[in-house]
file entry31.txt (compact mmCIF, C-alpha atoms and all ligand atoms)
# COMPACT_ATOMS: atom_id res chain seq x y z
CA MET R 1 0.00 0.00 0.00
CA LYS R 2 1.26 3.48 -0.93
CA LYS R 3 0.77 4.85 2.57
CA PHE R 4 3.19 2.26 3.95
CA LYS R 5 6.12 3.73 2.01
CA ILE R 6 6.81 6.06 4.94
CA LEU R 7 7.75 2.99 7.00
CA HIS R 8 10.62 2.09 4.69
CA LYS R 9 13.96 3.17 5.99
CA SER R 10 14.76 4.52 2.53
CA PHE R 11 11.91 7.05 2.90
CA SER R 12 14.09 10.10 2.79
CA LYS R 13 12.21 12.46 5.10
CA PRO R 14 11.61 12.04 8.84
CA ILE R 15 8.20 10.54 9.62
CA SER R 16 5.86 12.99 11.37
CA CYS R 17 3.26 11.52 13.73
CA LEU R 18 0.62 12.86 16.10
CA THR R 19 -2.14 11.36 18.20
CA ALA R 20 -5.85 11.96 17.60
CA TYR R 21 -8.78 10.73 19.66
CA SER R 22 -11.68 12.56 18.05
CA PRO R 23 -13.00 12.90 14.49
CA SER R 24 -12.60 16.68 14.37
CA ILE R 25 -8.92 16.53 15.27
CA ALA R 26 -8.35 13.53 12.96
CA LYS R 27 -9.83 15.53 10.08
CA ILE R 28 -7.48 18.43 10.73
CA LEU R 29 -4.41 16.18 10.97
CA ASP R 30 -5.17 13.90 8.02
CA GLY R 31 -2.60 14.30 5.28
CA LYS R 32 -0.68 16.96 7.23
CA VAL R 33 1.29 14.37 9.18
CA ASP R 34 2.40 10.97 7.93
CA LEU R 35 0.91 8.91 10.73
CA ILE R 36 -1.97 9.35 13.17
CA LEU R 37 -2.12 7.30 16.35
CA VAL R 38 -5.20 6.68 18.44
CA GLY R 39 -3.06 6.32 21.53
CA ASP R 40 -4.14 4.97 24.87
CA SER R 41 -2.82 8.28 26.20
CA LEU R 42 -6.49 9.20 25.72
CA GLY R 43 -6.93 7.74 29.22
CA SER R 44 -5.17 10.70 30.79
CA ALA R 45 -5.74 13.27 28.04
CA LEU R 46 -9.51 12.76 27.71
CA TYR R 47 -10.72 10.75 30.67
CA GLY R 48 -8.58 12.35 33.38
CA MET R 49 -7.01 9.05 34.42
CA LYS R 50 -3.72 9.02 36.33
CA ASN R 51 -2.25 6.38 34.02
CA THR R 52 -3.24 4.31 30.98
CA GLN R 53 -4.09 1.14 32.90
CA GLY R 54 -7.80 2.00 33.07
CA VAL R 55 -8.19 2.31 29.30
CA THR R 56 -10.57 -0.34 27.99
CA MET R 57 -11.22 -2.11 24.70
CA ASP R 58 -14.53 -0.23 24.46
CA MET R 59 -12.77 3.14 24.70
CA MET R 60 -10.24 2.19 22.04
CA LYS R 61 -12.97 0.72 19.87
CA SER R 62 -15.16 3.81 19.91
CA HIS R 63 -12.39 6.39 19.53
CA GLY R 64 -10.63 4.21 16.95
CA ALA R 65 -13.78 3.83 14.87
CA VAL R 66 -14.69 7.53 14.73
CA VAL R 67 -11.12 8.62 14.05
CA ASN R 68 -10.73 6.01 11.34
CA LYS R 69 -13.64 7.46 9.35
CA GLU R 70 -11.87 10.82 9.01
CA ILE R 71 -8.45 9.56 7.96
CA LYS R 72 -8.01 9.15 4.24
CA LYS R 73 -4.33 9.92 3.66
CA SER R 74 -2.22 9.37 6.76
CA LEU R 75 -1.25 5.97 8.10
CA LYS R 76 -3.63 4.90 10.88
CA VAL R 77 -2.29 3.31 14.05
CA LEU R 78 -4.21 2.13 17.10
CA ASP R 79 -2.91 1.21 20.55
CA MET R 80 -3.92 -2.08 22.14
CA PRO R 81 -4.91 -1.25 25.71
CA TYR R 82 -3.41 -2.57 28.95
CA LYS R 83 -3.84 -6.29 29.68
CA THR R 84 -5.45 -7.05 26.31
CA TYR R 85 -2.34 -8.73 24.90
CA ASP R 86 -0.85 -10.53 27.87
CA ASN R 87 -0.71 -13.80 25.97
CA LYS R 88 -0.96 -14.95 22.36
CA ILE R 89 -4.61 -16.02 22.51
CA ASP R 90 -5.92 -12.81 24.13
CA ALA R 91 -3.73 -10.69 21.89
CA TYR R 92 -5.01 -12.22 18.67
CA ARG R 93 -8.64 -12.20 19.81
CA ASN R 94 -8.50 -8.54 20.88
CA ALA R 95 -6.45 -7.48 17.88
CA LYS R 96 -9.11 -8.94 15.58
CA ILE R 97 -11.83 -6.99 17.43
CA LEU R 98 -9.91 -3.72 17.12
CA LEU R 99 -9.08 -4.35 13.46
CA TYR R 100 -12.71 -5.14 12.69
CA HIS R 101 -14.16 -2.05 14.42
CA CYS R 102 -11.47 0.55 13.77
CA LYS R 103 -9.70 -0.65 10.61
CA PRO R 104 -6.27 0.75 11.49
CA ASP R 105 -3.31 0.07 9.21
CA LEU R 106 -1.25 -1.01 12.19
CA LEU R 107 -1.62 -1.86 15.87
CA LYS R 108 0.91 -0.71 18.47
CA ILE R 109 1.84 -2.77 21.51
CA GLU R 110 4.24 -2.12 24.37
CA ILE R 111 7.02 -4.67 24.29
CA ASN R 112 9.40 -6.21 26.80
CA GLU R 113 11.29 -9.52 26.56
CA LYS R 114 8.23 -11.49 27.73
CA LYS R 115 5.91 -9.88 25.16
CA LEU R 116 8.06 -10.81 22.16
CA VAL R 117 6.07 -14.04 21.70
CA VAL R 118 2.92 -11.94 21.39
CA LEU R 119 4.54 -9.73 18.77
CA LYS R 120 5.60 -12.83 16.81
CA HIS R 121 2.12 -14.33 17.03
CA LEU R 122 0.40 -11.19 15.73
CA VAL R 123 2.89 -10.87 12.89
CA ASP R 124 2.43 -14.57 12.04
CA LYS R 125 -1.29 -13.81 11.80
CA LYS R 126 -0.45 -11.12 9.22
CA ILE R 127 -1.15 -8.16 11.51
CA ASN R 128 1.01 -5.06 11.07
CA VAL R 129 2.54 -4.17 14.40
CA ILE R 130 4.60 -1.32 15.84
CA SER R 131 6.74 -2.32 18.79
CA HIS R 132 6.80 0.33 21.54
CA ILE R 133 9.92 0.04 23.70
CA GLY R 134 11.90 2.15 26.20
CA VAL R 135 9.51 3.71 28.65
CA THR R 136 6.29 1.74 28.23
CA PRO R 137 3.59 3.78 30.05
CA GLN R 138 1.26 0.79 30.59
CA SER R 139 3.82 -0.55 33.11
CA TYR R 140 3.46 2.52 35.36
CA LYS R 141 0.72 3.24 37.87
CA ASN R 142 2.44 6.48 38.76
CA PHE R 143 3.87 8.50 35.88
CA ASN R 144 6.06 10.45 38.31
CA LYS R 145 8.13 7.28 38.65
CA ILE R 146 9.04 7.30 34.95
CA LYS R 147 12.74 7.81 34.32
CA VAL R 148 14.72 8.13 31.13
CA LEU R 149 16.24 4.82 29.99
CA GLY R 150 19.50 4.04 28.24
CA ARG R 151 21.84 5.88 30.61
CA THR R 152 23.63 2.72 31.72
CA ASN R 153 25.37 0.39 29.31
CA LYS R 154 23.17 -2.47 30.49
CA GLU R 155 19.97 -0.54 29.65
CA LYS R 156 21.42 0.56 26.33
CA GLN R 157 22.31 -2.99 25.31
CA SER R 158 18.98 -4.46 26.41
CA LEU R 159 17.04 -1.80 24.48
CA LEU R 160 19.16 -2.47 21.40
CA LYS R 161 18.49 -6.20 21.79
CA LEU R 162 14.74 -5.62 22.10
CA ALA R 163 14.70 -3.38 19.02
CA LYS R 164 16.67 -5.93 16.99
CA LYS R 165 14.38 -8.74 18.10
CA SER R 166 11.32 -6.64 17.22
CA GLU R 167 12.75 -6.22 13.75
CA THR R 168 13.59 -9.92 13.36
CA LEU R 169 10.08 -10.91 14.48
CA GLY R 170 8.53 -8.67 11.86
CA ALA R 171 7.54 -5.39 13.54
CA LYS R 172 7.05 -2.65 10.95
CA ALA R 173 8.60 0.06 13.15
CA VAL R 174 9.91 0.58 16.65
CA LEU R 175 8.62 3.41 18.81
CA LEU R 176 11.23 4.62 21.28
CA GLU R 177 9.94 6.49 24.32
CA CYS R 178 12.10 8.49 26.73
CA ILE R 179 15.51 7.14 25.98
CA THR R 180 18.86 8.88 25.81
CA THR R 181 20.09 10.44 22.57
CA ASP R 182 23.03 8.07 22.12
CA THR R 183 20.84 4.99 22.71
CA ALA R 184 18.26 6.21 20.17
CA LYS R 185 21.07 6.86 17.68
CA LEU R 186 22.60 3.43 18.30
CA ILE R 187 19.26 1.68 17.78
CA THR R 188 18.36 3.72 14.70
CA GLU R 189 21.72 2.95 13.10
CA ASN R 190 21.49 -0.75 13.85
CA ILE R 191 18.03 -1.77 12.67
CA SER R 192 16.54 -1.57 9.22
CA ILE R 193 12.97 -0.72 10.23
CA PRO R 194 12.26 2.92 11.17
CA THR R 195 12.44 4.27 14.70
CA ILE R 196 9.81 6.77 15.81
CA GLY R 197 10.78 8.73 18.88
CA ILE R 198 9.00 10.50 21.69
CA GLY R 199 11.59 11.98 24.00
CA ALA R 200 14.18 10.01 22.07
CA SER R 201 16.17 12.68 20.19
CA ARG R 202 16.35 13.83 16.59
CA TYR R 203 18.30 10.73 15.59
CA CYS R 204 15.11 8.70 15.22
CA ASN R 205 13.62 8.24 11.75
CA GLY R 206 10.40 9.89 12.90
CA GLN R 207 8.85 11.83 15.75
CA ILE R 208 5.55 11.56 17.59
CA LEU R 209 3.84 13.85 20.09
CA VAL R 210 0.49 13.75 21.84
CA PHE R 211 -1.64 16.33 20.00
CA ASP R 212 -2.96 17.81 23.25
CA ASP R 213 0.63 18.49 24.34
CA LEU R 214 1.44 20.10 21.00
CA ILE R 215 -1.26 22.72 21.54
CA ASN R 216 -1.05 22.91 25.35
CA LEU R 217 -4.49 21.47 25.97
CA SER R 218 -3.42 19.40 28.91
CA THR R 219 -4.70 19.60 32.49
CA ASN R 220 -1.27 18.54 33.61
CA ASP R 221 0.93 21.52 34.49
CA LYS R 222 4.06 19.41 34.78
CA LYS R 223 5.19 18.65 31.24
CA PRO R 224 7.94 16.20 30.32
CA ARG R 225 11.09 17.80 28.87
CA PHE R 226 10.35 16.42 25.38
CA VAL R 227 7.04 18.31 25.03
CA LYS R 228 7.16 21.41 22.86
CA ASN R 229 4.03 23.58 22.88
CA TYR R 230 3.45 24.94 19.39
CA PHE R 231 0.31 26.80 20.38
CA ASN R 232 -1.10 28.02 23.68
CA PHE R 233 -4.65 26.64 23.45
CA ASN R 234 -5.28 27.22 27.17
CA LYS R 235 -4.49 30.92 26.92
CA ILE R 236 -6.04 31.65 23.53
CA VAL R 237 -9.24 29.69 24.09
CA GLY R 238 -9.42 31.02 27.67
CA ASN R 239 -9.59 34.56 26.21
CA VAL R 240 -12.28 33.54 23.71
CA VAL R 241 -14.39 32.06 26.51
CA LYS R 242 -14.01 35.26 28.56
CA LYS R 243 -15.20 37.27 25.56
CA TYR R 244 -18.24 34.99 25.11
CA ASN R 245 -19.05 35.24 28.82
CA LYS R 246 -18.86 39.04 28.69
CA GLU R 247 -21.11 39.25 25.60
CA VAL R 248 -23.73 37.04 27.27
CA LYS R 249 -23.67 39.16 30.42
CA LEU R 250 -23.97 42.39 28.37
CA LYS R 251 -26.75 40.85 26.21
CA LYS R 252 -24.58 41.46 23.13
CA PHE R 253 -24.88 37.79 22.22
CA PRO R 254 -27.05 36.64 20.51
CA SER R 255 -27.60 39.72 18.37
CA SER R 256 -30.31 39.72 15.67
CA LYS R 257 -27.81 38.16 13.25
CA PHE R 258 -27.84 35.01 15.34
CA SER R 259 -31.59 34.92 15.98
CA TYR R 260 -34.54 33.43 14.06
CA TYR R 261 -37.52 35.46 12.81
O1 LIG C 1 -0.59 6.48 23.79
C1 LIG C 1 0.12 7.28 23.18
O2 LIG C 1 -0.27 8.40 22.85
C2 LIG C 1 1.48 6.86 22.85
C3 LIG C 1 2.42 7.97 22.51
C4 LIG C 1 2.93 8.54 23.77
C5 LIG C 1 3.48 7.51 21.62
O3 LIG C 1 1.80 5.72 22.92
call {"tool": "encode", "arguments": {"input": "entry31.txt", "output": "structure tokens"}}
result
Amino acid sequence: MKKFKILHKSFSKPISCLTAYSPSIAKILDGKVDLILVGDSLGSALYGMKNTQGVTMDMMKSHGAVVNKEIKKSLKVLDMPYKTYDNKIDAYRNAKILLYHCKPDLLKIEINEKKLVVLKHLVDKKINVISHIGVTPQSYKNFNKIKVLGRTNKEKQSLLKLAKKSETLGAKAVLLECITTDTAKLITENISIPTIGIGASRYCNGQILVFDDLINLSTNDKKPRFVKNYFNFNKIVGNVVKKYNKEVKLKKFPSSKFSYY
């Protein structure tokens, strides 16, 4: 498929990726970035959860389905939620449900040594998978405990091993979260599938950010170092809301232009 060309290492430009959880945002992003992820970060971003462990299949199914309808050009990726791919049988059963309802091009799963069998099983069943390694948020109840990985040689080598195994087992790309610059560079230079980074330096083949972080729409005041706000939604929309409130109080809104006769 043409869209998949961005996942070939020979694709000359870095891969741009953002998350979307709603149809309106998906419509804006479609075709403007290479890849759109319905991430389970929707647990905290939309549902106010403290971590992603409470995200359910139903949530991913409904957000995945409505987002899918709006994406025509970008590659569509969907996260499998916590505890839905603990073993091969569950993983395949749940993957089929998500593929049926949301029709993503790829599924993303968080990988450690133990989950490699699941990755292999899904690939054997002809499912396109992105392997998410480094900091894997589904393993954390408390996000404050997250620390950057790859600082020690042991961590660096085990991340490299995991990335190489993901490639050998047939993952289409590896997502690297919160790892040191030299580890991201080492991995990117030593595998032939693309790396997509979040907090993993410019040496990755692509970059992803949570859309809400990009526009500063988050309720969380403490932002990770890797988040760059490109737009101050809180401030700008806050001013618009104040203006609306004032017009209502002054009976300026609705004027006759906005009324029926
Ligand atoms: O759930 C998500 O949004 C993600 C990104 C942080 C990459 O996995």
call {"tool": "residues_near_ligand", "arguments": {"input": "entry31.txt", "ligand": "ligand LIG 1 (chain C)", "cutoff": "10 Å", "atoms": "all atoms listed in the file", "output": "number ranges by chain"}}
result
R: 17-21, 36-45, 52, 78-81, 108-110, 132-133, 135-138, 175-178, 196-199, 207-212
call {"tool": "closest_residue", "arguments": {"input": "entry31.txt", "among": "R:Leu106, R:Ile111, R:Leu98, R:Leu250", "to": "Ser139 (chain R)", "atoms": "all atoms listed in the file"}}
result
R:Ile111
call {"tool": "atom_distance", "arguments": {"input": "entry31.txt", "atom1": "CA of Leu214 (chain R)", "atom2": "CA of Gly54 (chain R)"}}
result
23.6 Å
call {"tool": "residues_around", "arguments": {"input": "entry31.txt", "residues": "Ile97 (chain R)", "least_positions_apart": "2", "cutoff": "12 Å", "atoms": "all atoms listed in the file", "output": "PyMOL selection string"}}
result
chain R and resi 57-58+60-62+64-65+78+80+84+90-95+99-104+107
call {"tool": "residues_around", "arguments": {"input": "entry31.txt", "residues": "Glu70 (chain R)", "least_positions_apart": "4", "cutoff": "7 Å", "atoms": "all atoms listed in the file", "output": "VMD selection string"}}
result
chain R and resid 23 26 to 27
call {"tool": "closest_residue", "arguments": {"input": "entry31.txt", "among": "R:Ile89, R:Ile15, R:Leu29, R:Met59", "to": "Lys125 (chain R)", "atoms": "all atoms listed in the file"}}
result
R:Ile89
call {"tool": "closest_residue", "arguments": {"input": "entry31.txt", "among": "R:Asn128, R:Gln157, R:Ser74, R:Thr56", "to": "Val33 (chain R)", "atoms": "only C-alpha atoms"}}
result
R:Ser74
call {"tool": "closest_residue", "arguments": {"input": "entry31.txt", "among": "R:Ile28, R:Ile127, R:Ile193, R:Ile236", "to": "Thr168 (chain R)", "atoms": "all atoms listed in the file"}}
result
R:Ile193
call {"tool": "axis_aligned_box", "arguments": {"input": "entry31.txt", "around": "region 91-98 of chain R", "padding_each_side": "4 Å", "output": "lines of an AutoDock Vina configuration file"}}
result
center_x = -7.8
center_y = -8.0
center_z = 18.7
size_x = 16.1
size_y = 16.5
size_z = 14.3
call {"tool": "closest_residue", "arguments": {"input": "entry31.txt", "among": "R:Gly238, R:Pro194, R:Pro224, R:Gly206", "to": "Ser10 (chain R)", "atoms": "all atoms listed in the file"}}
result
R:Pro194
